[in-house]
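Colleague: Compact mmCIF, C-alpha atoms, file final21.txt:
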```
# COMPACT_ATOMS: atom_id res chain seq x y z
CA MET I 1086 23.85 -20.48 -27.62
CA ASP I 1087 24.18 -18.86 -30.99
CA ASP I 1088 25.83 -15.51 -31.69
CA SER I 1089 22.60 -13.96 -32.85
CA LEU I 1090 21.41 -12.68 -29.50
CA THR I 1091 20.28 -9.42 -31.03
CA PRO I 1092 18.66 -6.69 -28.92
CA GLU I 1093 15.29 -7.69 -30.42
CA LYS I 1094 15.78 -11.31 -29.41
CA GLN I 1095 16.94 -10.21 -25.98
CA ASN I 1096 13.76 -8.19 -25.59
CA LEU I 1097 11.70 -11.17 -26.63
CA LEU I 1098 13.49 -13.48 -24.21
CA ILE I 1099 13.09 -11.03 -21.35
CA GLU I 1100 9.40 -10.52 -22.07
CA ASP I 1101 8.95 -14.27 -22.30
CA ALA I 1102 10.68 -14.81 -18.95
CA LEU I 1103 8.61 -12.08 -17.32
CA HIS I 1104 5.35 -13.48 -18.65
CA THR I 1105 6.23 -17.01 -17.58
CA TYR I 1106 7.36 -15.92 -14.11
CA THR I 1107 4.24 -17.52 -12.72
CA MET I 1108 2.79 -17.80 -9.27
CA VAL I 1109 3.76 -20.60 -6.94
CA PRO I 1110 1.04 -22.58 -5.15
CA MET I 1111 0.36 -21.89 -1.47
CA PRO I 1112 2.45 -24.16 0.78
CA ARG I 1113 -0.63 -24.44 3.03
CA ASP I 1114 -4.05 -22.86 3.38
CA ILE I 1115 -3.89 -19.91 5.78
CA THR I 1116 -7.65 -19.33 6.03
CA VAL I 1117 -7.98 -21.13 9.38
CA ASP I 1118 -4.99 -19.26 10.85
CA VAL I 1119 -6.33 -15.93 9.66
CA MET I 1120 -9.81 -16.62 10.97
CA SER I 1121 -8.51 -17.67 14.37
CA ARG I 1122 -6.58 -14.40 14.54
CA THR I 1123 -9.58 -12.33 13.49
CA GLN I 1124 -11.66 -13.91 16.28
CA THR I 1125 -9.59 -11.94 18.78
CA VAL I 1126 -10.06 -8.72 16.81
CA PRO I 1127 -13.44 -7.01 17.21
CA ALA I 1128 -15.69 -7.34 14.17
CA PRO I 1129 -15.33 -4.31 11.92
CA ARG I 1130 -17.96 -1.66 12.23
CA ALA I 1131 -18.30 1.21 9.83
CA PHE I 1132 -19.27 3.64 12.60
CA ARG I 1133 -18.34 3.11 16.21
CA LEU I 1134 -19.69 5.20 19.10
CA THR I 1135 -17.42 5.34 22.13
CA TRP I 1136 -17.97 6.62 25.68
CA ASN I 1137 -15.90 9.66 24.69
CA ASP I 1138 -18.50 10.55 22.07
CA PHE I 1139 -21.27 10.32 24.67
CA ALA I 1140 -19.29 12.38 27.20
CA LEU I 1141 -18.53 15.09 24.66
CA GLY I 1142 -22.10 14.98 23.42
CA ILE I 1143 -23.32 15.82 26.94
CA ILE I 1144 -20.61 18.24 28.08
CA PHE I 1145 -20.68 20.58 25.06
CA PRO I 1146 -24.46 21.22 25.08
CA LEU I 1147 -24.32 21.64 28.88
CA CYS I 1148 -21.59 24.27 28.61
CA ILE I 1149 -23.41 26.16 25.85
CA THR I 1150 -26.68 26.05 27.79
CA ALA I 1151 -24.98 27.23 30.99
CA VAL I 1152 -23.36 30.20 29.19
CA TRP I 1153 -26.65 31.09 27.52
CA PHE I 1154 -28.59 30.96 30.82
CA GLY I 1155 -25.84 32.79 32.64
CA LEU I 1156 -25.77 35.66 30.16
CA ASN I 1157 -29.55 35.91 30.16
CA ASN I 1158 -29.86 35.95 33.92
CA LEU I 1159 -26.97 38.19 34.93
CA PRO I 1160 -27.90 41.75 36.02
CA PRO I 1161 -27.44 44.29 33.19
CA LEU I 1162 -24.81 46.15 35.19
CA VAL I 1163 -22.66 43.03 35.53
CA ILE I 1164 -22.96 42.35 31.80
CA ALA I 1165 -21.93 45.92 31.03
CA GLN I 1166 -18.99 45.57 33.44
CA LEU I 1167 -17.93 42.30 31.77
CA HIS I 1168 -18.18 43.93 28.36
CA LYS I 1169 -16.06 46.86 29.50
CA GLU I 1170 -13.42 44.57 31.06
CA SER I 1171 -13.19 42.44 27.95
CA ILE I 1172 -12.63 45.53 25.78
CA LEU I 1173 -9.96 46.78 28.19
CA LEU I 1174 -8.26 43.38 28.18
CA TYR I 1175 -8.28 43.29 24.38
CA GLN I 1176 -6.83 46.82 24.21
CA HIS I 1177 -4.23 45.87 26.80
CA ILE I 1178 -3.15 42.89 24.71
CA LEU I 1179 -3.02 44.97 21.55
CA VAL I 1180 -0.81 47.59 23.22
CA ASN I 1181 1.42 45.52 25.50
CA ALA I 1182 1.50 42.03 24.00
CA ARG I 1183 0.82 42.08 20.27
CA TRP I 1184 2.62 38.76 19.93
CA LEU I 1185 0.13 37.02 22.21
CA ILE I 1186 -2.71 36.51 19.68
CA PRO I 1187 -0.58 35.05 16.84
CA ALA I 1188 1.43 33.03 19.38
CA PHE I 1189 -1.78 31.65 20.83
CA SER I 1190 -3.20 30.87 17.36
CA PHE I 1191 -0.07 29.12 16.13
CA GLY I 1192 0.32 27.33 19.46
CA LEU I 1193 -3.22 26.03 19.23
CA ALA I 1194 -2.68 24.96 15.61
CA GLY I 1195 0.56 23.19 16.59
CA PHE I 1196 -1.15 21.45 19.48
CA LEU I 1197 -4.00 20.22 17.28
CA ALA I 1198 -1.52 19.10 14.60
CA ALA I 1199 0.48 17.18 17.22
CA LEU I 1200 -2.72 15.44 18.23
CA THR I 1201 -3.88 14.53 14.73
CA ILE I 1202 -0.72 13.93 12.66
CA PRO I 1203 0.48 10.78 14.48
CA TYR I 1204 -3.03 9.29 14.16
CA LEU I 1205 -3.23 10.13 10.45
CA ARG I 1206 0.22 8.68 9.83
CA ARG I 1207 -0.78 5.46 11.56
CA GLU I 1208 -3.94 5.25 9.46
CA LEU I 1209 -2.03 5.92 6.23
CA MET I 1210 0.53 3.24 7.06
CA LYS I 1211 -2.19 0.62 7.41
CA MET V 374 -15.43 -6.53 -9.35
CA PRO V 375 -17.76 -9.53 -9.64
CA ASP V 376 -21.13 -9.26 -7.91
CA SER V 377 -20.43 -12.33 -5.77
CA GLU V 378 -17.24 -10.72 -4.45
CA ARG V 379 -19.00 -7.42 -3.79
CA HIS V 380 -21.65 -9.30 -1.88
CA LEU V 381 -19.00 -11.13 0.17
CA ILE V 382 -17.26 -7.84 0.96
CA GLN V 383 -20.52 -6.23 2.06
CA ARG V 384 -21.26 -9.17 4.34
CA ALA V 385 -17.71 -9.15 5.75
CA GLN V 386 -18.02 -5.41 6.38
CA LYS V 387 -20.98 -6.20 8.59
CA GLY V 388 -18.83 -8.63 10.59
CA ASP V 389 -19.65 -11.90 8.80
CA HIS V 390 -16.66 -14.18 9.44
CA GLU V 391 -17.73 -16.78 6.88
CA ALA V 392 -17.81 -14.22 4.11
CA PHE V 393 -14.38 -12.97 5.08
CA ALA V 394 -13.04 -16.55 5.17
CA ALA V 395 -14.26 -16.98 1.59
CA LEU V 396 -12.40 -13.82 0.60
CA VAL V 397 -9.23 -15.08 2.29
CA THR V 398 -9.47 -18.41 0.47
CA GLU V 399 -9.98 -16.63 -2.82
CA HIS V 400 -7.14 -14.12 -2.54
CA GLN V 401 -4.51 -15.77 -0.33
CA ARG V 402 -2.49 -17.11 -3.24
CA TYR V 403 -2.05 -13.67 -4.79
CA VAL V 404 -1.19 -12.03 -1.49
CA TYR V 405 1.27 -14.78 -0.60
CA ASN V 406 2.98 -14.66 -3.99
CA LEU V 407 3.49 -10.91 -3.86
CA ALA V 408 4.94 -11.19 -0.35
CA LEU V 409 7.14 -14.12 -1.39
CA ARG V 410 8.55 -12.30 -4.39
CA VAL V 411 9.51 -9.32 -2.26
CA LEU V 412 10.65 -11.07 0.91
CA LYS V 413 12.13 -14.19 -0.74
CA ASN V 414 11.30 -16.25 2.34
CA GLU V 415 8.43 -18.72 2.45
CA GLU V 416 7.71 -18.53 6.19
CA GLU V 417 7.96 -14.75 6.30
CA ALA V 418 5.68 -14.51 3.27
CA LEU V 419 3.09 -16.75 4.93
CA ASP V 420 3.26 -14.67 8.09
CA LEU V 421 2.92 -11.45 6.14
CA ALA V 422 -0.02 -12.86 4.18
CA GLN V 423 -1.79 -13.67 7.44
CA GLU V 424 -1.05 -10.23 8.84
CA THR V 425 -2.37 -8.67 5.64
CA PHE V 426 -5.73 -10.37 6.06
CA VAL V 427 -5.95 -9.50 9.76
CA ARG V 428 -5.34 -5.86 8.88
CA ALA V 429 -7.80 -6.11 6.04
CA TRP V 430 -10.42 -7.37 8.49
CA THR V 431 -9.95 -4.40 10.82
CA ALA V 432 -9.75 -1.90 7.96
CA LEU V 433 -12.61 -3.38 5.97
CA PRO V 434 -15.07 -0.57 6.84
CA ASN V 435 -12.67 1.83 5.09
CA PHE V 436 -12.84 -0.14 1.84
CA ARG V 437 -15.30 1.70 -0.38
CA GLY V 438 -14.87 -0.30 -3.55
CA GLN V 439 -13.04 2.47 -5.41
CA SER V 440 -10.38 -0.06 -6.42
CA GLN V 441 -10.39 -3.82 -6.85
CA PHE V 442 -10.41 -5.67 -3.54
CA ARG V 443 -7.24 -7.48 -4.57
CA THR V 444 -5.47 -4.19 -5.37
CA TRP V 445 -6.50 -2.93 -1.95
CA LEU V 446 -4.95 -6.05 -0.41
CA TYR V 447 -1.76 -5.47 -2.40
CA ARG V 448 -1.56 -2.01 -0.88
CA ILE V 449 -1.66 -3.53 2.58
CA VAL V 450 0.99 -6.08 1.54
CA THR V 451 3.33 -3.37 0.28
CA ASN V 452 2.84 -1.28 3.43
CA LEU V 453 3.73 -4.31 5.54
CA CYS V 454 6.74 -4.95 3.29
CA TYR V 455 7.82 -1.34 3.88
CA ASN V 456 7.78 -2.07 7.62
CA ARG V 457 9.89 -5.20 7.20
CA LEU V 458 12.25 -3.82 4.57
CA PRO V 459 12.92 -0.20 5.58
CA ASN V 460 14.95 0.48 2.43
CA LEU V 461 12.20 -0.60 0.05
CA ARG V 462 10.22 2.63 0.07
CA ARG V 463 13.34 4.76 -0.23
CA SER V 464 14.70 2.67 -3.12
CA LEU V 465 11.37 3.02 -4.94
CA ASN V 466 11.32 6.78 -4.43
CA GLU V 467 14.89 7.09 -5.63
CA LEU V 468 14.19 5.41 -8.97
CA GLY V 469 13.50 8.76 -10.62
CA ASN V 470 11.61 9.02 -13.88
CA ASP V 471 14.06 9.38 -16.71
CA VAL V 472 12.78 6.64 -19.01
CA ILE V 473 12.36 7.63 -22.62
CA SER V 474 11.69 4.25 -24.24
CA GLU V 475 10.03 1.02 -23.27
CA ILE V 476 10.81 -2.51 -24.32
CA PRO V 477 7.94 -3.63 -26.55
CA GLU V 478 5.90 -6.52 -25.19
CA THR V 479 5.66 -9.26 -27.82
CA ASP V 480 5.12 -12.99 -27.98
CA LEU V 481 8.04 -15.32 -28.46
CA THR V 482 7.88 -18.24 -30.89
CA PHE V 483 10.53 -20.82 -31.66
CA ASP V 484 10.54 -22.95 -34.77
CA ASN V 485 12.85 -25.86 -34.01
CA PRO V 486 13.32 -28.13 -30.91
CA ALA V 487 16.91 -26.98 -30.32
CA GLN V 488 15.77 -23.39 -30.12
CA ARG V 489 12.91 -24.42 -27.86
CA PHE V 490 15.31 -26.27 -25.52
CA GLU V 491 17.67 -23.33 -25.46
CA SER V 492 14.76 -21.05 -24.77
CA HIS V 493 13.63 -23.22 -21.85
CA GLU V 494 17.11 -23.14 -20.39
CA LEU V 495 17.34 -19.39 -20.86
CA ARG V 496 13.94 -18.92 -19.32
CA SER V 497 14.99 -20.75 -16.16
CA TYR V 498 18.16 -18.71 -16.08
CA LEU V 499 16.20 -15.48 -16.42
CA HIS V 500 13.73 -16.53 -13.73
CA LYS V 501 16.69 -16.95 -11.38
CA ALA V 502 17.97 -13.56 -12.51
CA ILE V 503 14.57 -12.04 -11.67
CA ASP V 504 14.77 -13.58 -8.20
CA GLU V 505 18.16 -11.96 -7.72
CA LEU V 506 17.00 -8.46 -8.64
CA ASP V 507 16.68 -5.83 -5.90
CA GLU V 508 13.50 -5.95 -3.85
CA ASN V 509 12.06 -2.79 -5.45
CA TYR V 510 12.38 -4.30 -8.93
CA ARG V 511 10.93 -7.62 -7.77
CA LEU V 512 7.94 -5.78 -6.33
CA LEU V 513 7.32 -3.89 -9.58
CA ILE V 514 7.76 -7.00 -11.72
CA SER V 515 5.45 -9.03 -9.53
CA LEU V 516 2.74 -6.37 -9.67
CA ARG V 517 3.08 -5.88 -13.42
CA TYR V 518 3.54 -9.44 -14.68
CA GLN V 519 2.23 -11.80 -12.02
CA ASN V 520 -0.71 -9.70 -10.97
CA GLU V 521 -1.19 -7.99 -14.31
CA LEU V 522 -1.71 -4.50 -12.96
CA SER V 523 -1.35 -1.60 -15.36
CA TYR V 524 1.39 0.99 -14.90
CA GLU V 525 -1.25 3.46 -13.72
CA GLU V 526 -2.64 1.03 -11.15
CA ILE V 527 0.85 0.31 -9.81
CA ALA V 528 1.66 4.02 -9.62
CA LYS V 529 -1.57 4.73 -7.78
CA MET V 530 -1.10 1.79 -5.45
CA LEU V 531 2.47 2.61 -4.52
CA ASN V 532 1.78 6.34 -4.51
CA LEU V 533 4.56 6.91 -7.03
CA PRO V 534 4.68 8.98 -10.22
CA LEU V 535 3.84 7.00 -13.34
CA GLY V 536 7.30 7.75 -14.75
CA THR V 537 8.95 6.20 -11.70
CA VAL V 538 7.07 2.94 -12.22
CA LYS V 539 8.09 2.87 -15.88
CA THR V 540 11.68 3.70 -14.97
CA GLY V 541 11.75 0.91 -12.40
CA LEU V 542 10.49 -1.68 -14.85
CA PHE V 543 12.79 -0.40 -17.56
CA ARG V 544 15.81 -0.68 -15.28
CA ALA V 545 14.76 -4.13 -14.12
CA LYS V 546 14.69 -5.21 -17.77
CA GLU V 547 18.08 -3.61 -18.32
CA GLN V 548 19.47 -5.70 -15.48
CA LEU V 549 17.96 -8.80 -17.05
CA ARG V 550 19.59 -7.82 -20.32
CA CYS V 551 22.94 -7.66 -18.49
CA ALA V 552 22.21 -11.10 -17.06
CA LEU V 553 21.62 -12.34 -20.59
CA GLU V 554 24.96 -10.90 -21.67
CA ARG V 555 26.64 -12.76 -18.81
CA TYR V 556 24.87 -15.93 -19.87
CA LYS V 557 26.13 -15.44 -23.40
CA GLU V 558 29.72 -14.96 -22.19
CA LEU V 559 29.42 -18.01 -19.97
CA SER V 560 28.14 -20.16 -22.81
CA TRP V 561 31.10 -19.08 -24.91
CA THR V 562 33.68 -19.96 -22.27
CA ILE V 563 32.16 -23.41 -21.55
CA PRO V 564 32.69 -25.72 -24.56
```
I'd like the structure from this file rewritten - as structure tokens, please.
Modeller:
Amino acid sequence: MDDSLTPEKQNLLIEDALHTYTMVPMPRDITVDVMSRTQTVPAPRAFRLTWNDFALGIIFPLCITAVWFGLNNLPPLVIAQLHKESILLYQHILVNARWLIPAFSFGLAGFLAALTIPYLRRELMK
Amino acid sequence: MPDSERHLIQRAQKGDHEAFAALVTEHQRYVYNLALRVLKNEEEALDLAQETFVRAWTALPNFRGQSQFRTWLYRIVTNLCYNRLPNLRRSLNELGNDVISEIPETDLTFDNPAQRFESHELRSYLHKAIDELDENYRLLISLRYQNELSYEEIAKMLNLPLGTVKTGLFRAKEQLRCALERYKELSWTIP
């Protein structure tokens, strides 16, 4: 080793070592192993409908239809009574429990976040 | 991305096992090498390579071709490495981005056989020094030099600032420079 290991030569040697730090060959082909493992995993599908989707797809329209029919078929006096009670309830909340609406909103947001964040984290870690 | 590969990916996305097998055969060497450089264990690297492809199979519908397929596989490899080496992600994040200069990348030529022999010896020594670097540096070096990704691609893949990637590579080279100094001292003490 000579004394002339200048910074420039060091750079060159390092670059040379990095560029010649080549890949090693595979000790064995893993294709068969991978394919046998993927046989047990369902084939990927871009869009997957589950029973939950069907259930929600039926329940939501049913609820909306029931409310619509209910409101259209209730006697006008009952509707007026419901309207009055809802206004009174809203006023009651505003006067006696102002904290309830923000608490409910934040609570709902927290609940939805707790449902979605773990799933998103899992997906991001994939 | 070549058309043939795009075609294979599209077929695999529809559940074609043969197409996916062709992709595994094509890319396994790259995936294995990246895992090996980080984990430094042949069996673990093989296991991680297999797991990478199994995950790729299940996540294939999410691949939209915005990056190279191989880069996408590297992302899965690094995520699996994060699981196996809990300190890896933290050590990458802690690199900071205080680099102000970069070592220029140039070709090395030697005129005489003695120099060439010495260079060969030094090269082997430096390859060992690379193997002994910390796992975060080995990951960056493998992505940059073995897999020839650009700084930007590495930063995007590892979800790190560009400066952090440059800092990491700069520091890795600094450590190799220290190794060279040690080599020089050693060669002086041994007659």
Colleague: Go through V:Met530, V:Ala395, V:Asn460, V:Ala385 and flag the residue nearest V:Leu446, using only C-alpha atoms for the distances.
Modeller: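 Distance minimum relative to V:Leu446 lands on V:Met530.
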Colleague: Figure out the distance between atom CA of I:Met1111 and atom CA of V:Phe393, please, to one decimal in Å.
Modeller: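 According to the coordinates, atom CA of V:Phe393 and atom CA of I:Met1111 are separated by 18.4 Å.
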Colleague: List the spatial neighbours of stretch 1195-1209 of chain I as a ChimeraX atom specification - criterion: any atom at most 12 Å away, all atoms listed in the file, same-chain residues fewer than 2 positions off excluded.
Modeller: /I:1187-1193,1211 /V:428,431-432,435,448-449,452-453,532
Colleague: Would you save the residues from that selection as a JSON list (two decimals), in the frame of the given file, using C-alpha atoms?
Modeller:
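This went into out32.json:
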```json
[["chain", "number", "residue", "atom", "x", "y", "z"],
["I", 1187, "PRO", "CA", -0.58, 35.05, 16.84],
["I", 1188, "ALA", "CA", 1.43, 33.03, 19.38],
["I", 1189, "PHE", "CA", -1.78, 31.65, 20.83],
["I", 1190, "SER", "CA", -3.20, 30.87, 17.36],
["I", 1191, "PHE", "CA", -0.07, 29.12, 16.13],
["I", 1192, "GLY", "CA", 0.32, 27.33, 19.46],
["I", 1193, "LEU", "CA", -3.22, 26.03, 19.23],
["I", 1211, "LYS", "CA", -2.19, 0.62, 7.41],
["V", 428, "ARG", "CA", -5.34, -5.86, 8.88],
["V", 431, "THR", "CA", -9.95, -4.40, 10.82],
["V", 432, "ALA", "CA", -9.75, -1.90, 7.96],
["V", 435, "ASN", "CA", -12.67, 1.83, 5.09],
["V", 448, "ARG", "CA", -1.56, -2.01, -0.88],
["V", 449, "ILE", "CA", -1.66, -3.53, 2.58],
["V", 452, "ASN", "CA", 2.84, -1.28, 3.43],
["V", 453, "LEU", "CA", 3.73, -4.31, 5.54],
["V", 532, "ASN", "CA", 1.78, 6.34, -4.51]]
```
Colleague: May I ask you to extract the residues of chain V within 8 Å of chain I, using only C-alpha atoms, and to give them as a ChimeraX atom specification?
Modeller: /V:386-388,390,394,397-398,401-403,405-406,419,423-424,426-428,430-435,449,452-453,476-481,491-492,495-497,499-500,514,518-519,546,549-550,553,557,560-561
Colleague: Pull C-alpha atoms from the residues just selected and write them as a PDB file, in the frame of the given file.
Modeller:
```pdb
ATOM      1  CA  GLN V 386     -18.020  -5.410   6.380  1.00  0.00           C
ATOM      2  CA  LYS V 387     -20.980  -6.200   8.590  1.00  0.00           C
ATOM      3  CA  GLY V 388     -18.830  -8.630  10.590  1.00  0.00           C
ATOM      4  CA  HIS V 390     -16.660 -14.180   9.440  1.00  0.00           C
ATOM      5  CA  ALA V 394     -13.040 -16.550   5.170  1.00  0.00           C
ATOM      6  CA  VAL V 397      -9.230 -15.080   2.290  1.00  0.00           C
ATOM      7  CA  THR V 398      -9.470 -18.410   0.470  1.00  0.00           C
ATOM      8  CA  GLN V 401      -4.510 -15.770  -0.330  1.00  0.00           C
ATOM      9  CA  ARG V 402      -2.490 -17.110  -3.240  1.00  0.00           C
ATOM     10  CA  TYR V 403      -2.050 -13.670  -4.790  1.00  0.00           C
ATOM     11  CA  TYR V 405       1.270 -14.780  -0.600  1.00  0.00           C
ATOM     12  CA  ASN V 406       2.980 -14.660  -3.990  1.00  0.00           C
ATOM     13  CA  LEU V 419       3.090 -16.750   4.930  1.00  0.00           C
ATOM     14  CA  GLN V 423      -1.790 -13.670   7.440  1.00  0.00           C
ATOM     15  CA  GLU V 424      -1.050 -10.230   8.840  1.00  0.00           C
ATOM     16  CA  PHE V 426      -5.730 -10.370   6.060  1.00  0.00           C
ATOM     17  CA  VAL V 427      -5.950  -9.500   9.760  1.00  0.00           C
ATOM     18  CA  ARG V 428      -5.340  -5.860   8.880  1.00  0.00           C
ATOM     19  CA  TRP V 430     -10.420  -7.370   8.490  1.00  0.00           C
ATOM     20  CA  THR V 431      -9.950  -4.400  10.820  1.00  0.00           C
ATOM     21  CA  ALA V 432      -9.750  -1.900   7.960  1.00  0.00           C
ATOM     22  CA  LEU V 433     -12.610  -3.380   5.970  1.00  0.00           C
ATOM     23  CA  PRO V 434     -15.070  -0.570   6.840  1.00  0.00           C
ATOM     24  CA  ASN V 435     -12.670   1.830   5.090  1.00  0.00           C
ATOM     25  CA  ILE V 449      -1.660  -3.530   2.580  1.00  0.00           C
ATOM     26  CA  ASN V 452       2.840  -1.280   3.430  1.00  0.00           C
ATOM     27  CA  LEU V 453       3.730  -4.310   5.540  1.00  0.00           C
ATOM     28  CA  ILE V 476      10.810  -2.510 -24.320  1.00  0.00           C
ATOM     29  CA  PRO V 477       7.940  -3.630 -26.550  1.00  0.00           C
ATOM     30  CA  GLU V 478       5.900  -6.520 -25.190  1.00  0.00           C
ATOM     31  CA  THR V 479       5.660  -9.260 -27.820  1.00  0.00           C
ATOM     32  CA  ASP V 480       5.120 -12.990 -27.980  1.00  0.00           C
ATOM     33  CA  LEU V 481       8.040 -15.320 -28.460  1.00  0.00           C
ATOM     34  CA  GLU V 491      17.670 -23.330 -25.460  1.00  0.00           C
ATOM     35  CA  SER V 492      14.760 -21.050 -24.770  1.00  0.00           C
ATOM     36  CA  LEU V 495      17.340 -19.390 -20.860  1.00  0.00           C
ATOM     37  CA  ARG V 496      13.940 -18.920 -19.320  1.00  0.00           C
ATOM     38  CA  SER V 497      14.990 -20.750 -16.160  1.00  0.00           C
ATOM     39  CA  LEU V 499      16.200 -15.480 -16.420  1.00  0.00           C
ATOM     40  CA  HIS V 500      13.730 -16.530 -13.730  1.00  0.00           C
ATOM     41  CA  ILE V 514       7.760  -7.000 -11.720  1.00  0.00           C
ATOM     42  CA  TYR V 518       3.540  -9.440 -14.680  1.00  0.00           C
ATOM     43  CA  GLN V 519       2.230 -11.800 -12.020  1.00  0.00           C
ATOM     44  CA  LYS V 546      14.690  -5.210 -17.770  1.00  0.00           C
ATOM     45  CA  LEU V 549      17.960  -8.800 -17.050  1.00  0.00           C
ATOM     46  CA  ARG V 550      19.590  -7.820 -20.320  1.00  0.00           C
ATOM     47  CA  LEU V 553      21.620 -12.340 -20.590  1.00  0.00           C
ATOM     48  CA  LYS V 557      26.130 -15.440 -23.400  1.00  0.00           C
ATOM     49  CA  SER V 560      28.140 -20.160 -22.810  1.00  0.00           C
ATOM     50  CA  TRP V 561      31.100 -19.080 -24.910  1.00  0.00           C
TER      51      TRP V 561
END
```
Colleague: Would you kindly return, as a ChimeraX atom specification, each protein, DNA or RNA residue with an atom no farther than 12 Å from any atom of V:Glu467, considering all atoms listed in the file and excluding same-chain residues fewer than 2 positions away?
Modeller: /V:460-465,469-471,509,533-534,536-538,540-541
Colleague: Please report the interatomic distance between atom CA of V:Glu399 and atom CA of V:Asp376 in Å with one decimal.
Modeller: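 These two atoms are separated by 14.3 Å.
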Colleague: Please, what distance in Å, to one decimal, runs between atom CA of V:Glu417 and atom CA of V:Leu542?
Modeller: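 Rounded to one decimal, the two atoms are 25.0 Å apart.
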Colleague: Find the residues around V:Lys413 up to 12 Å (all atoms listed in the file counted), leave out those fewer than 3 positions away in its own chain, and share them as an NGL selection string.
Modeller: :V and (405-410 or 416-419 or 421 or 454 or 458 or 501 or 503-508 or 511-512)
